[in-house]
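Colleague: protein-v5.tsv is reproduced below (TSV, C-alpha atoms).
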chain	number	residue	atom	x	y	z
A	29	MET	CA	-18.34	7.36	-25.94
A	30	THR	CA	-17.03	7.99	-22.42
A	31	ASP	CA	-15.05	11.16	-21.76
A	32	ARG	CA	-12.08	9.83	-19.83
A	33	THR	CA	-11.02	13.29	-18.72
A	34	GLN	CA	-14.05	13.47	-16.44
A	35	PRO	CA	-13.91	12.11	-12.88
A	36	VAL	CA	-15.48	8.70	-12.44
A	37	ASP	CA	-15.44	8.98	-8.63
A	38	ASP	CA	-14.78	12.35	-7.07
A	39	THR	CA	-14.07	10.74	-3.68
A	40	LEU	CA	-10.85	9.26	-5.08
A	41	ALA	CA	-7.82	11.35	-5.97
A	42	PHE	CA	-5.50	8.55	-7.10
A	43	VAL	CA	-6.34	5.17	-8.61
A	44	LEU	CA	-3.62	2.76	-9.73
A	45	ASP	CA	-4.65	-0.49	-11.40
A	46	GLY	CA	-1.88	-3.02	-12.00
A	47	VAL	CA	0.70	-0.27	-12.40
A	48	SER	CA	4.36	-1.15	-12.78
A	49	ARG	CA	7.47	0.69	-13.90
A	50	THR	CA	10.49	-1.09	-15.36
A	51	PHE	CA	13.68	0.54	-16.58
A	52	GLY	CA	15.75	-1.33	-19.14
A	53	GLU	CA	15.17	-4.78	-20.60
A	54	GLY	CA	16.16	-8.40	-20.13
A	55	HIS	CA	18.77	-9.20	-17.48
A	56	ALA	CA	19.51	-5.50	-17.05
A	57	ALA	CA	15.89	-4.62	-16.26
A	58	VAL	CA	15.24	-2.76	-13.02
A	59	HIS	CA	11.74	-3.24	-11.60
A	60	ALA	CA	11.35	0.10	-9.84
A	61	LEU	CA	7.66	-0.55	-9.14
A	62	ARG	CA	6.12	-4.01	-9.37
A	63	PRO	CA	2.44	-4.40	-10.34
A	64	THR	CA	0.54	-2.28	-7.84
A	65	ASP	CA	-3.11	-1.51	-7.08
A	66	LEU	CA	-3.74	1.58	-4.98
A	67	THR	CA	-6.54	4.05	-4.29
A	68	VAL	CA	-6.21	7.28	-2.30
A	69	ALA	CA	-9.21	9.23	-1.07
A	70	ALA	CA	-9.53	12.89	-1.94
A	71	GLY	CA	-8.46	15.11	0.95
A	72	ASP	CA	-6.15	12.58	2.59
A	73	LEU	CA	-2.60	13.31	3.68
A	74	VAL	CA	-0.63	10.17	2.82
A	75	VAL	CA	2.98	9.51	3.81
A	76	VAL	CA	4.86	6.88	1.80
A	77	LEU	CA	7.79	5.43	3.72
A	78	GLY	CA	10.67	3.32	2.51
A	79	PRO	CA	14.44	3.19	2.11
A	80	SER	CA	16.27	4.39	-0.97
A	81	GLY	CA	15.37	2.19	-3.92
A	82	SER	CA	12.05	1.05	-2.46
A	83	GLY	CA	10.01	2.59	-5.31
A	84	LYS	CA	8.45	5.48	-3.43
A	85	THR	CA	9.78	8.24	-5.70
A	86	THR	CA	8.83	6.19	-8.77
A	87	LEU	CA	5.29	6.00	-7.38
A	88	LEU	CA	5.24	9.77	-6.84
A	89	ASN	CA	6.50	10.43	-10.36
A	90	LEU	CA	3.82	8.21	-11.88
A	91	LEU	CA	1.08	9.98	-9.92
A	92	GLY	CA	2.45	13.39	-10.93
A	93	GLY	CA	2.59	12.54	-14.61
A	94	ILE	CA	6.37	12.96	-14.60
A	95	ASP	CA	6.93	9.31	-15.54
A	96	GLU	CA	4.89	6.81	-17.59
A	97	ALA	CA	3.73	3.40	-16.37
A	98	THR	CA	5.14	0.31	-18.06
A	99	THR	CA	1.91	-1.58	-17.39
A	100	GLY	CA	-1.47	-0.77	-15.89
A	101	SER	CA	-3.42	2.46	-15.65
A	102	VAL	CA	-2.95	5.59	-13.56
A	103	ARG	CA	-5.98	7.78	-12.91
A	104	VAL	CA	-5.38	11.02	-11.03
A	105	ASP	CA	-8.20	13.32	-10.01
A	106	GLY	CA	-10.40	11.47	-12.48
A	107	VAL	CA	-7.98	11.78	-15.41
A	108	ALA	CA	-6.51	8.67	-17.09
A	109	LEU	CA	-2.92	9.82	-17.58
A	110	GLY	CA	-2.17	7.13	-20.15
A	111	ASP	CA	-4.78	8.65	-22.49
A	112	LEU	CA	-3.08	12.06	-22.58
A	113	ASP	CA	-0.64	13.23	-25.24
A	114	ASP	CA	2.40	15.27	-24.23
A	115	ALA	CA	0.62	18.63	-24.45
A	116	ALA	CA	-2.36	17.44	-22.42
A	117	LEU	CA	-0.06	15.87	-19.83
A	118	THR	CA	1.81	19.15	-19.46
A	119	GLY	CA	-1.51	20.90	-18.97
A	120	PHE	CA	-2.55	18.35	-16.37
A	121	ARG	CA	0.61	18.86	-14.34
A	122	ARG	CA	0.22	22.64	-14.64
A	123	ASP	CA	-3.41	22.77	-13.54
A	124	HIS	CA	-3.79	19.86	-11.13
A	125	VAL	CA	-0.52	19.23	-9.30
A	126	GLY	CA	1.81	21.19	-7.04
A	127	PHE	CA	5.28	19.71	-6.56
A	128	VAL	CA	7.65	20.18	-3.62
A	129	PHE	CA	11.09	18.56	-3.87
A	130	GLN	CA	14.04	18.01	-1.56
A	131	PHE	CA	16.03	20.66	-3.40
A	132	PHE	CA	14.28	23.99	-3.69
A	133	ASN	CA	14.98	24.72	-7.39
A	134	LEU	CA	14.49	28.46	-6.98
A	135	VAL	CA	15.75	30.94	-9.56
A	136	PRO	CA	18.68	32.56	-7.70
A	137	THR	CA	18.40	35.91	-9.49
A	138	LEU	CA	14.73	36.38	-8.52
A	139	THR	CA	13.30	37.39	-5.16
A	140	ALA	CA	10.87	35.20	-3.23
A	141	ARG	CA	7.96	37.18	-4.67
A	142	GLU	CA	9.34	36.95	-8.19
A	143	ASN	CA	9.93	33.19	-7.93
A	144	VAL	CA	6.25	32.67	-7.11
A	145	GLU	CA	5.08	35.24	-9.67
A	146	LEU	CA	7.08	33.50	-12.40
A	147	VAL	CA	5.20	30.23	-11.96
A	148	LEU	CA	1.84	31.98	-11.94
A	149	GLU	CA	2.72	33.90	-15.09
A	150	LEU	CA	3.80	30.69	-16.83
A	151	THR	CA	0.62	28.86	-15.79
A	152	GLY	CA	-1.81	31.73	-16.30
A	153	GLY	CA	-2.51	32.04	-12.58
A	154	ASP	CA	-3.56	35.07	-10.59
A	155	THR	CA	-0.41	36.95	-9.57
A	156	SER	CA	-2.36	39.06	-7.08
A	157	VAL	CA	-2.24	36.13	-4.61
A	158	VAL	CA	1.55	36.13	-4.30
A	159	ASP	CA	1.82	38.16	-1.09
A	160	GLU	CA	-1.07	36.21	0.43
A	161	VAL	CA	0.54	32.84	-0.20
A	162	LEU	CA	3.97	33.98	0.99
A	163	ASP	CA	2.31	35.23	4.16
A	164	ALA	CA	0.63	31.81	4.51
A	165	VAL	CA	4.04	30.12	4.64
A	166	GLY	CA	5.43	32.66	7.11
A	167	LEU	CA	7.45	34.83	4.74
A	168	ALA	CA	5.54	38.11	4.80
A	169	ASP	CA	8.73	39.97	5.79
A	170	ARG	CA	11.02	38.15	3.32
A	171	THR	CA	9.22	38.62	0.03
A	172	ASP	CA	11.89	40.87	-1.49
A	173	HIS	CA	14.85	38.70	-0.47
A	174	PHE	CA	16.81	36.56	-2.91
A	175	PRO	CA	17.35	32.82	-2.28
A	176	GLY	CA	21.00	33.45	-1.41
A	177	GLU	CA	19.84	35.73	1.41
A	178	MET	CA	17.58	33.04	2.89
A	179	SER	CA	18.08	29.98	5.06
A	180	GLY	CA	17.30	26.52	3.71
A	181	GLY	CA	14.01	26.46	5.58
A	182	GLU	CA	13.00	29.82	4.13
A	183	GLN	CA	13.87	28.67	0.63
A	184	GLN	CA	11.72	25.58	1.09
A	185	ARG	CA	8.86	27.81	2.23
A	186	VAL	CA	9.18	29.75	-1.02
A	187	ALA	CA	9.10	26.46	-2.92
A	188	ILE	CA	5.93	25.46	-1.05
A	189	ALA	CA	4.34	28.84	-1.76
A	190	ARG	CA	5.19	28.40	-5.42
A	191	ALA	CA	3.59	24.94	-5.44
A	192	VAL	CA	0.29	25.98	-3.85
A	193	ALA	CA	-0.10	29.47	-5.35
A	194	LYS	CA	-1.90	28.13	-8.41
A	195	ARG	CA	-4.36	26.32	-6.07
A	196	PRO	CA	-3.88	22.77	-7.32
A	197	PRO	CA	-6.08	20.07	-5.77
A	198	LEU	CA	-3.08	17.75	-5.43
A	199	LEU	CA	0.23	18.31	-3.66
A	200	LEU	CA	3.12	15.87	-4.15
A	201	CYS	CA	6.17	16.18	-1.91
A	202	ASP	CA	9.41	14.28	-2.46
A	203	GLU	CA	11.61	14.27	0.69
A	204	PRO	CA	10.65	17.90	1.50
A	205	THR	CA	12.77	17.90	4.67
A	206	GLY	CA	15.66	15.85	3.28
A	207	SER	CA	18.13	18.74	3.13
A	208	LEU	CA	17.04	20.42	6.38
A	209	ASP	CA	17.95	20.03	10.04
A	210	VAL	CA	15.40	18.45	12.38
A	211	GLU	CA	13.88	21.62	13.82
A	212	THR	CA	13.61	23.34	10.45
A	213	GLY	CA	12.16	20.11	9.03
A	214	ARG	CA	9.42	20.12	11.67
A	215	GLN	CA	8.58	23.72	10.81
A	216	ILE	CA	8.29	22.87	7.11
A	217	LEU	CA	6.08	19.86	7.85
A	218	ALA	CA	3.85	22.07	10.01
A	219	VAL	CA	3.48	24.50	7.09
A	220	LEU	CA	2.56	21.63	4.75
A	221	GLN	CA	0.08	20.18	7.23
A	222	ARG	CA	-1.59	23.56	7.78
A	223	LEU	CA	-1.90	24.25	4.06
A	224	HIS	CA	-3.20	20.73	3.48
A	225	ARG	CA	-6.00	21.35	5.97
A	226	GLN	CA	-6.80	24.94	5.06
A	227	ARG	CA	-6.87	24.38	1.30
A	228	HIS	CA	-8.41	20.88	1.42
A	229	LEU	CA	-5.53	19.44	-0.58
A	230	THR	CA	-4.91	15.80	-1.30
A	231	THR	CA	-1.28	15.47	-0.22
A	232	LEU	CA	1.15	12.63	-0.83
A	233	MET	CA	4.58	12.84	0.73
A	234	VAL	CA	7.42	10.37	0.24
A	235	THR	CA	10.21	10.11	2.80
A	236	HIS	CA	12.67	7.65	4.31
A	237	ASN	CA	11.97	9.17	7.75
A	238	ALA	CA	9.54	6.86	9.60
A	239	GLY	CA	8.81	9.47	12.27
A	240	ILE	CA	7.02	11.67	9.75
A	241	GLY	CA	4.33	9.01	9.29
A	242	ALA	CA	2.70	10.10	12.57
A	243	MET	CA	1.34	13.28	10.93
A	244	ALA	CA	-0.47	11.38	8.16
A	245	ASP	CA	-4.04	10.17	7.72
A	246	ARG	CA	-2.57	7.10	6.06
A	247	VAL	CA	0.88	5.51	6.03
A	248	ILE	CA	2.08	3.34	3.14
A	249	ARG	CA	5.33	1.39	3.49
A	250	MET	CA	7.33	0.23	0.49
A	251	ARG	CA	10.21	-2.15	-0.04
A	252	SER	CA	11.81	-3.47	-3.24
A	253	GLY	CA	9.22	-1.86	-5.49
A	254	GLU	CA	6.21	-3.14	-3.60
A	255	ILE	CA	3.72	-1.89	-1.01
A	256	VAL	CA	4.29	-4.04	2.06
A	257	ALA	CA	1.99	-2.23	4.54
A	258	ASP	CA	-0.90	0.21	4.30
A	259	GLU	CA	-2.40	1.62	7.50
A	260	ARG	CA	-4.92	4.29	8.48
A	261	ASN	CA	-4.01	6.70	11.26
A	262	ASP	CA	-7.14	7.94	13.01
A	263	HIS	CA	-5.23	10.40	15.21
A	264	PRO	CA	-2.61	12.28	13.17
A	265	THR	CA	0.02	14.09	15.22
A	266	ASP	CA	0.49	17.82	14.89
A	267	ALA	CA	3.63	18.14	12.78
A	268	SER	CA	5.27	20.60	15.14
A	269	GLY	CA	5.41	17.84	17.75
A	270	LEU	CA	6.98	15.13	15.59
A	271	GLN	CA	10.03	13.32	16.96
A	272	TRP	CA	12.75	11.49	15.05
Spit out the file's structure as structure tokens when you get a sec.
Modeller:
Amino acid sequence: MTDRTQPVDDTLAFVLDGVSRTFGEGHAAVHALRPTDLTVAAGDLVVVLGPSGSGKTTLLNLLGGIDEATTGSVRVDGVALGDLDDAALTGFRRDHVGFVFQFFNLVPTLTARENVELVLELTGGDTSVVDEVLDAVGLADRTDHFPGEMSGGEQQRVAIARAVAKRPPLLLCDEPTGSLDVETGRQILAVLQRLHRQRHLTTLMVTHNAGIGAMADRVIRMRSGEIVADERNDHPTDASGLQW
């Protein structure tokens, strides 16, 4: 009997086979993602572009084990997510995936250090790395500040530190610059790009901002729940130089 929790191809981080996601039934059904096949190589930085309602966040949620496919199979880092019960799926998200969202979701009564420590304590991670990871995102001098004492960019840096502190192999980012001004957004993207390279992460970022695609190894474009273009980028731009 095959152990489906073991990787079948360690060069692939994501494998979707005929995956769709439909909300509702009959005439009221919304086809958020139409049947889709997709593979993503381990170590790639992939940017998924598309307008609101194109299916890009649905795709991200399926890959992160936040949502369940209506049809098809989702295999992430060698794990068939459809085979996991709720407890195993929670464990998968805890151990394999770091999430960065548009809104920072920090605990306002905890300092930057404490926000990162909390996640590590909940996941059984090594809390001794907190100062190291906050330094890696440029917050060595802000570790004892509360979210209300920080700018939006600084709060997003804390959220990134929290996501990568447990050293997940996969990083999923949903509009990470959506609530930031252009210059701060570039700084955040530069942090993500640097961590992606230093920690050999497989990173998938969804955004409506086409200019961000220039920093990616691969750009996927979506419209109306479908992938309409999929291109390699052999010369990714340094994020600090992005223009939009």
Colleague: List every residue of range 119-190 of chain A that has an atom at most 9 Å from any atom of range 218-229 of chain A, and for each one report the closest atom pair and its distance in Å to one decimal, counting only C-alpha atoms, with rows sorted by chain and then by increasing residue number, as a tab-separated table.
Modeller:
residue	atom	partner	partner_atom	distance
A:Ala164	CA	A:Leu223	CA	8.0
A:Val165	CA	A:Val219	CA	6.2
A:Gly166	CA	A:Val219	CA	8.4
A:Arg185	CA	A:Val219	CA	8.0
A:Ile188	CA	A:Leu220	CA	7.7
Colleague: Limited to C-alpha atoms, could you put the picked residues into a file as a PDB file, in the coordinates of the input?
Modeller:
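Saved to again_28.pdb:
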ATOM      1  CA  ALA A 164       0.630  31.810   4.510  1.00  0.00           C
ATOM      2  CA  VAL A 165       4.040  30.120   4.640  1.00  0.00           C
ATOM      3  CA  GLY A 166       5.430  32.660   7.110  1.00  0.00           C
ATOM      4  CA  ARG A 185       8.860  27.810   2.230  1.00  0.00           C
ATOM      5  CA  ILE A 188       5.930  25.460  -1.050  1.00  0.00           C
TER       6      ILE A 188
END
Colleague: List every protein, DNA or RNA residue with an atom no more than 6 Å from (-3.8, 16.9, -3.4) in the file's coordinates, counting all atoms listed in the file, and format the result as number ranges by chain.
Modeller: A: 197-199, 229-231
Colleague: If the box runs along x, y and z of the file and leaves 5 Å on each side of range 197-200 of chain A, what are its centre and edge lengths in Å, one decimal, as AutoDock Vina command-line options?
Modeller:
--center_x -1.5 --center_y 18.0 --center_z -4.7 --size_x 19.2 --size_y 14.2 --size_z 12.1
Colleague: I need the residue nearest Lys194 in chain A from this list: A:Asp159, A:Asp258, A:Asp123, A:Glu211. Use only C-alpha atoms for the distance.
Modeller: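 Of A:Asp159, A:Asp258, A:Asp123, A:Glu211, the one nearest Lys194 in chain A, counting only C-alpha atoms, is A:Asp123.
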Colleague: Expressed in Å to a single decimal, how great is the separation between CA of Gly126 in chain A and CA of Val58 in chain A?
Modeller: 28.1 Å
Colleague: Which residues are near Ser80 in chain A? Cut-off 9 Å, only C-alpha atoms, ignore same chain within fewer than 5 positions. Put them as a PyMOL selection string.
Modeller: chain A and resi 85+236+251
Colleague: Those selected residues, please, written with C-alpha atoms and delivered as a compact mmCIF listing (two decimals), in the frame of the given file.
Modeller:
# COMPACT_ATOMS: atom_id res chain seq x y z
CA THR A 85 9.78 8.24 -5.70
CA HIS A 236 12.67 7.65 4.31
CA ARG A 251 10.21 -2.15 -0.04
Colleague: Do you know which residues lie at most 7 Å from (7.9, -3.0, -15.3), with coordinates as in the file and only C-alpha atoms counted, and could you write them as a PyMOL selection string?
Modeller: chain A and resi 48-51+59+61-62+98-99
Colleague: Which of these, A:Phe120, A:Val158, A:Ser268, A:Val256, has the shortest distance to Val210 in chain A once you count only C-alpha atoms?
Modeller: A:Ser268
Colleague: Calculate how many Å separate CA of Gly100 in chain A from CA of Ala191 in chain A, rounding to one decimal.
Modeller: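 Result for CA of Gly100 in chain A versus CA of Ala191 in chain A: 28.2 Å, one decimal.
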Colleague: Of the candidates A:Gln215, A:Thr39, A:Asn143, A:Asn237, which shows the shortest atom-to-atom distance to Pro175 in chain A, using only C-alpha atoms?
Modeller: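 Nearest to Pro175 in chain A: A:Asn143.
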Colleague: Might you pull out every residue within 8 Å of Gly110 in chain A, with only C-alpha atoms counted and same-chain residues fewer than 6 positions away left off, and present them as a PyMOL selection string?
Modeller: chain A and resi 96-97+101-102
Colleague: Please fill the gaps in range 98-116 of chain A so it has N, CA and C atoms, and write that as a PDB file, in the frame of the given file.
Modeller:
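Result saved to out_33.pdb:
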ATOM      1  N   THR A  98       4.818   1.365 -17.104  1.00  0.00           N
ATOM      2  CA  THR A  98       5.140   0.310 -18.060  1.00  0.00           C
ATOM      3  C   THR A  98       3.916  -0.545 -18.326  1.00  0.00           C
ATOM      4  N   THR A  99       3.175  -0.863 -17.264  1.00  0.00           N
ATOM      5  CA  THR A  99       1.910  -1.580 -17.390  1.00  0.00           C
ATOM      6  C   THR A  99       0.882  -0.950 -16.471  1.00  0.00           C
ATOM      7  N   GLY A 100      -0.394  -1.235 -16.747  1.00  0.00           N
ATOM      8  CA  GLY A 100      -1.470  -0.770 -15.890  1.00  0.00           C
ATOM      9  C   GLY A 100      -1.914   0.645 -16.211  1.00  0.00           C
ATOM     10  N   SER A 101      -2.859   1.133 -15.421  1.00  0.00           N
ATOM     11  CA  SER A 101      -3.420   2.460 -15.650  1.00  0.00           C
ATOM     12  C   SER A 101      -3.315   3.319 -14.402  1.00  0.00           C
ATOM     13  N   VAL A 102      -3.036   4.600 -14.626  1.00  0.00           N
ATOM     14  CA  VAL A 102      -2.950   5.590 -13.560  1.00  0.00           C
ATOM     15  C   VAL A 102      -4.040   6.620 -13.793  1.00  0.00           C
ATOM     16  N   ARG A 103      -4.928   6.764 -12.831  1.00  0.00           N
ATOM     17  CA  ARG A 103      -5.980   7.780 -12.910  1.00  0.00           C
ATOM     18  C   ARG A 103      -5.792   8.729 -11.738  1.00  0.00           C
ATOM     19  N   VAL A 104      -5.636  10.015 -12.053  1.00  0.00           N
ATOM     20  CA  VAL A 104      -5.380  11.020 -11.030  1.00  0.00           C
ATOM     21  C   VAL A 104      -6.436  12.106 -11.133  1.00  0.00           C
ATOM     22  N   ASP A 105      -7.134  12.318 -10.031  1.00  0.00           N
ATOM     23  CA  ASP A 105      -8.200  13.320 -10.010  1.00  0.00           C
ATOM     24  C   ASP A 105      -9.186  13.107 -11.151  1.00  0.00           C
ATOM     25  N   GLY A 106      -9.441  11.829 -11.448  1.00  0.00           N
ATOM     26  CA  GLY A 106     -10.400  11.470 -12.480  1.00  0.00           C
ATOM     27  C   GLY A 106      -9.851  11.414 -13.884  1.00  0.00           C
ATOM     28  N   VAL A 107      -8.572  11.737 -14.075  1.00  0.00           N
ATOM     29  CA  VAL A 107      -7.980  11.780 -15.410  1.00  0.00           C
ATOM     30  C   VAL A 107      -7.108  10.543 -15.624  1.00  0.00           C
ATOM     31  N   ALA A 108      -7.338   9.822 -16.724  1.00  0.00           N
ATOM     32  CA  ALA A 108      -6.510   8.670 -17.090  1.00  0.00           C
ATOM     33  C   ALA A 108      -5.255   9.202 -17.773  1.00  0.00           C
ATOM     34  N   LEU A 109      -4.132   9.180 -17.066  1.00  0.00           N
ATOM     35  CA  LEU A 109      -2.920   9.820 -17.580  1.00  0.00           C
ATOM     36  C   LEU A 109      -2.409   9.143 -18.847  1.00  0.00           C
ATOM     37  N   GLY A 110      -2.630   7.839 -18.976  1.00  0.00           N
ATOM     38  CA  GLY A 110      -2.170   7.130 -20.150  1.00  0.00           C
ATOM     39  C   GLY A 110      -2.873   7.540 -21.426  1.00  0.00           C
ATOM     40  N   ASP A 111      -4.018   8.208 -21.312  1.00  0.00           N
ATOM     41  CA  ASP A 111      -4.780   8.650 -22.490  1.00  0.00           C
ATOM     42  C   ASP A 111      -4.337  10.023 -22.985  1.00  0.00           C
ATOM     43  N   LEU A 112      -3.446  10.693 -22.251  1.00  0.00           N
ATOM     44  CA  LEU A 112      -3.080  12.060 -22.580  1.00  0.00           C
ATOM     45  C   LEU A 112      -1.841  12.110 -23.472  1.00  0.00           C
ATOM     46  N   ASP A 113      -1.856  12.995 -24.458  1.00  0.00           N
ATOM     47  CA  ASP A 113      -0.640  13.230 -25.240  1.00  0.00           C
ATOM     48  C   ASP A 113       0.257  14.182 -24.439  1.00  0.00           C
ATOM     49  N   ASP A 114       1.428  14.485 -24.979  1.00  0.00           N
ATOM     50  CA  ASP A 114       2.400  15.270 -24.230  1.00  0.00           C
ATOM     51  C   ASP A 114       1.855  16.645 -23.837  1.00  0.00           C
ATOM     52  N   ALA A 115       1.152  17.290 -24.737  1.00  0.00           N
ATOM     53  CA  ALA A 115       0.620  18.630 -24.450  1.00  0.00           C
ATOM     54  C   ALA A 115      -0.427  18.575 -23.349  1.00  0.00           C
ATOM     55  N   ALA A 116      -1.314  17.576 -23.431  1.00  0.00           N
ATOM     56  CA  ALA A 116      -2.360  17.440 -22.420  1.00  0.00           C
ATOM     57  C   ALA A 116      -1.770  17.066 -21.063  1.00  0.00           C
TER      58      ALA A 116
END
